[in-house]
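Visitor: Before anything else, here's the structure in question.
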Amino acid sequence: MSPDVDRPARSTIKLNPAQVAVLEWIQSGCPDGVYPNDSYTHRITARALASRGLVRISGHGASWRAEPTERGRVWPEPTEEDEALERSARAPKPPAVVAADEEHVGATVRAMRRVQRTGSGKSSQKPRTRQVQKQETYMRYKVVVTRVQVAERWVRATDEEDAAKKVQEEFSRPYGYFGSWKDVASEVEVVEAEQTTVIRPNLLSESGPMLLSLKDAGKALGIPYSAVYELTNRGDIEHTKIGSRKYISRESLMAFIKENTHRGYSG
């Protein structure tokens with residue numbers, strides 16, 4: 001395959017108009033007068049460019065500097081890294097091979113045949129139902145929020161250094177009040193994601209028993225047995241006592257859920 005076929009037309013890194021403007025400003029050497037001195041919006045955008053490997057940032061405050069990387073100098077032109085990603089995307093993927101244990105497969109087939117024979121011989125019996133726990137897959141995302149805030153404060157001082165010192169002392173106090181802060185810029189960036197699995201509580205079967213043991217009631221509510229035991233002892237859930245054992249009716253479970261369901265903030 002010729003290099004022209006593998007070479008993408010543009011860089012694989014996508015930027016919004018604000019990020020393009022800041023990158024062009026950094027590519028031209030960060031000339032003065034383009035961005036206001038009291039604004040940090042372009043620095044926040046530059047940090048997003050650094051996370052994409054387009055610029056390098058050093059220093060803080062007045063010593064803050066930004067310079068483009070090799071990839072940032074030629075953006076939006078593609079680089080060797082973009083070509084590698086393009087070739088990887090176009091490469092044919094090998095078919096997935098699923099290995100199975102023959103002995104396990106044979107045992108599964110024999111078990112299925114036993115179930116079929118049992119079902120054909122007892123077709124008049126009512127089928128039994130099983131309660132299973134349903135699982136839903138969610139994603140957890142790690143989000144980085146960068147905010148720039150400003151606040152004004154009038155202080156009595158003899159000179160500028162004294163005024164700055166008093167403000168710094170106010171910062172050092174853990175419960176010091178500095179006044180109201182105002183957001184001047186903010187940027188949200190998703191940096192990481194991982195998959196999680198949530199196990200749902202067992203659903204109550206409509207054709208099940210009228211009374212549930214404390215263990216089964218805990219499974220239906222999705223809480224431990226010890227918590228159900230404590231709730232019945234405190235009288236939060238009505239229960240029926242048969243001999244030395246306690247049982248909870250379906251109506252009592254639904255009433256408990258309804259009484260303890262709230263919306264919004266509750267103290």
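Chain lettering (A, B, ...) mirrors the order of the structure tokens, residue numbering begins at 1 for each chain separately, and ligand numbering begins at 1 in order of display.
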Hey, what's within 9 Å of Arg10 in chain A if we count only C-alpha atoms and toss same-chain stuff fewer than 5 positions away? As a list in words, please?
Guide: Trp75, Pro76, Glu77, Pro78, Thr79 and Asp82 of chain A
Visitor: Quick one: contact table of range 17-84 of chain A to range 145-164 of chain A, 12 Å max, nearest atom pair and distance in Å to one decimal per residue, counting only C-alpha atoms, chain and number order, as a Markdown table?
Guide:
| residue | atom | partner | partner_atom | distance |
| --- | --- | --- | --- | --- |
| A:Asp38 | CA | A:Val150 | CA | 9.5 |
| A:Ser39 | CA | A:Val148 | CA | 8.8 |
| A:Tyr40 | CA | A:Val148 | CA | 6.9 |
| A:Thr41 | CA | A:Val148 | CA | 7.8 |
| A:His42 | CA | A:Val148 | CA | 11.0 |
| A:Arg43 | CA | A:Val148 | CA | 9.9 |
| A:Ile44 | CA | A:Thr146 | CA | 7.2 |
| A:Thr45 | CA | A:Thr146 | CA | 9.9 |
| A:Ala46 | CA | A:Thr146 | CA | 11.8 |
| A:Arg47 | CA | A:Thr146 | CA | 9.4 |
| A:Ala48 | CA | A:Thr146 | CA | 9.8 |
Visitor: Give me a file of those residues, with C-alpha atoms, as an mmCIF file, in the first residue's frame.
Guide:
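Dumped everything to selection27.cif:
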data_model
loop_
_atom_site.group_PDB
_atom_site.id
_atom_site.type_symbol
_atom_site.label_atom_id
_atom_site.label_comp_id
_atom_site.auth_asym_id
_atom_site.auth_seq_id
_atom_site.Cartn_x
_atom_site.Cartn_y
_atom_site.Cartn_z
ATOM 1 C CA ASP A 38 -6.521 39.898 33.781
ATOM 2 C CA SER A 39 -8.083 36.946 31.898
ATOM 3 C CA TYR A 40 -7.019 33.329 32.335
ATOM 4 C CA THR A 41 -9.378 31.803 29.793
ATOM 5 C CA HIS A 42 -6.606 31.248 27.238
ATOM 6 C CA ARG A 43 -4.433 29.535 29.845
ATOM 7 C CA ILE A 44 -7.226 27.080 30.669
ATOM 8 C CA THR A 45 -7.647 26.352 26.962
ATOM 9 C CA ALA A 46 -3.876 25.897 26.651
ATOM 10 C CA ARG A 47 -4.000 23.287 29.401
ATOM 11 C CA ALA A 48 -6.596 21.360 27.374
#
Visitor: Find the spatial neighbours of Ala21 in chain A, counting only C-alpha atoms, within a cut-off of 12 Å - ignore same-chain residues fewer than 4 positions away - and output them as a PyMOL selection string.
Guide: chain A and resi 15-17+25-28+30+34-35+41-42+45-46+49
Visitor: Tell me which protein, DNA and RNA residues are within 7 Å of Ile57 in chain A, counting only C-alpha atoms, leaving out same-chain ones fewer than 2 positions away, and put them as an NGL selection string.
Guide: :A and (55 or 65-67)
Visitor: Rounded to one decimal place, report the CA of Thr240 in chain A-CA of Leu214 in chain A distance in Å.
Guide: 10.6 Å
Visitor: So the first atom is CA of Asp236 in chain A and the second is CA of Ala255 in chain A; what is the distance between them in Å, to one decimal place?
Guide: 10.1 Å
Visitor: For Ser213 in chain A, find every residue with an atom within 8 Å (counting only C-alpha atoms), except residues of its own chain fewer than 3 positions away, and show them as a list of chain:residue names.
Guide: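 So the residues in contact are A:Asp216, A:Ala217, A:Lys246, A:Tyr247, A:Ile248.
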Visitor: Could you write out that same residue set with N, CA and C atoms as a short mmCIF file (atom, residue, chain, number, x, y, z; two decimals), in the first residue's frame?
Guide:
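Wrote out-v3.cif, looks like this:
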data_model
loop_
_atom_site.label_atom_id
_atom_site.label_comp_id
_atom_site.auth_asym_id
_atom_site.auth_seq_id
_atom_site.Cartn_x
_atom_site.Cartn_y
_atom_site.Cartn_z
N ASP A 216 -35.60 -13.25 52.90
CA ASP A 216 -36.19 -12.99 51.59
C ASP A 216 -36.65 -11.54 51.46
N ALA A 217 -37.15 -10.97 52.57
CA ALA A 217 -37.56 -9.57 52.53
C ALA A 217 -36.36 -8.66 52.29
N LYS A 246 -40.09 -14.64 62.58
CA LYS A 246 -40.80 -13.44 62.12
C LYS A 246 -40.91 -13.48 60.60
N TYR A 247 -42.06 -13.02 60.12
CA TYR A 247 -42.31 -12.94 58.69
C TYR A 247 -42.89 -11.55 58.37
N ILE A 248 -42.69 -11.13 57.16
CA ILE A 248 -43.18 -9.82 56.72
C ILE A 248 -44.07 -10.02 55.50
#
Visitor: Separation of CA of His262 in chain A and CA of Glu230 in chain A, in Å?
Guide: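 Separating CA of His262 in chain A from CA of Glu230 in chain A is a distance of 21.2 Å.
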Visitor: Restricting the calculation to only C-alpha atoms: of A:Ala193, A:Glu81, A:Arg263, A:Asn37, which residue gets closest to Gly61 in chain A?
Guide: A:Asn37
Visitor: Identify which of the residues A:Leu23, A:Thr12, A:Glu83, A:Ile237 lies closest to Asn260 in chain A, counting only C-alpha atoms when measuring atom-to-atom distances.
Guide: A:Ile237
Visitor: Using DSSP assignments from the backbone, pull out every residue in range 215-245 of chain A that falls under strand (DSSP E) and give it to me as a JSON list (two decimals) with N, CA, C and O atoms, in the first residue's frame.
Guide:
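The result, written out as part-v2.json:
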[["chain", "number", "residue", "atom", "x", "y", "z"],
["A", 240, "THR", "N", -45.28, -10.39, 61.10],
["A", 240, "THR", "CA", -46.14, -11.43, 61.66],
["A", 240, "THR", "C", -45.25, -12.48, 62.31],
["A", 240, "THR", "O", -44.29, -12.95, 61.69],
["A", 241, "LYS", "N", -45.56, -12.85, 63.55],
["A", 241, "LYS", "CA", -44.75, -13.80, 64.27],
["A", 241, "LYS", "C", -45.46, -15.14, 64.31],
["A", 241, "LYS", "O", -46.61, -15.24, 64.73],
["A", 242, "ILE", "N", -44.79, -16.17, 63.81],
["A", 242, "ILE", "CA", -45.32, -17.53, 63.83],
["A", 242, "ILE", "C", -44.31, -18.38, 64.59],
["A", 242, "ILE", "O", -43.20, -18.64, 64.10],
["A", 245, "ARG", "N", -40.36, -17.42, 64.82],
["A", 245, "ARG", "CA", -39.84, -16.79, 63.61],
["A", 245, "ARG", "C", -40.72, -15.61, 63.21],
["A", 245, "ARG", "O", -41.92, -15.59, 63.48]]
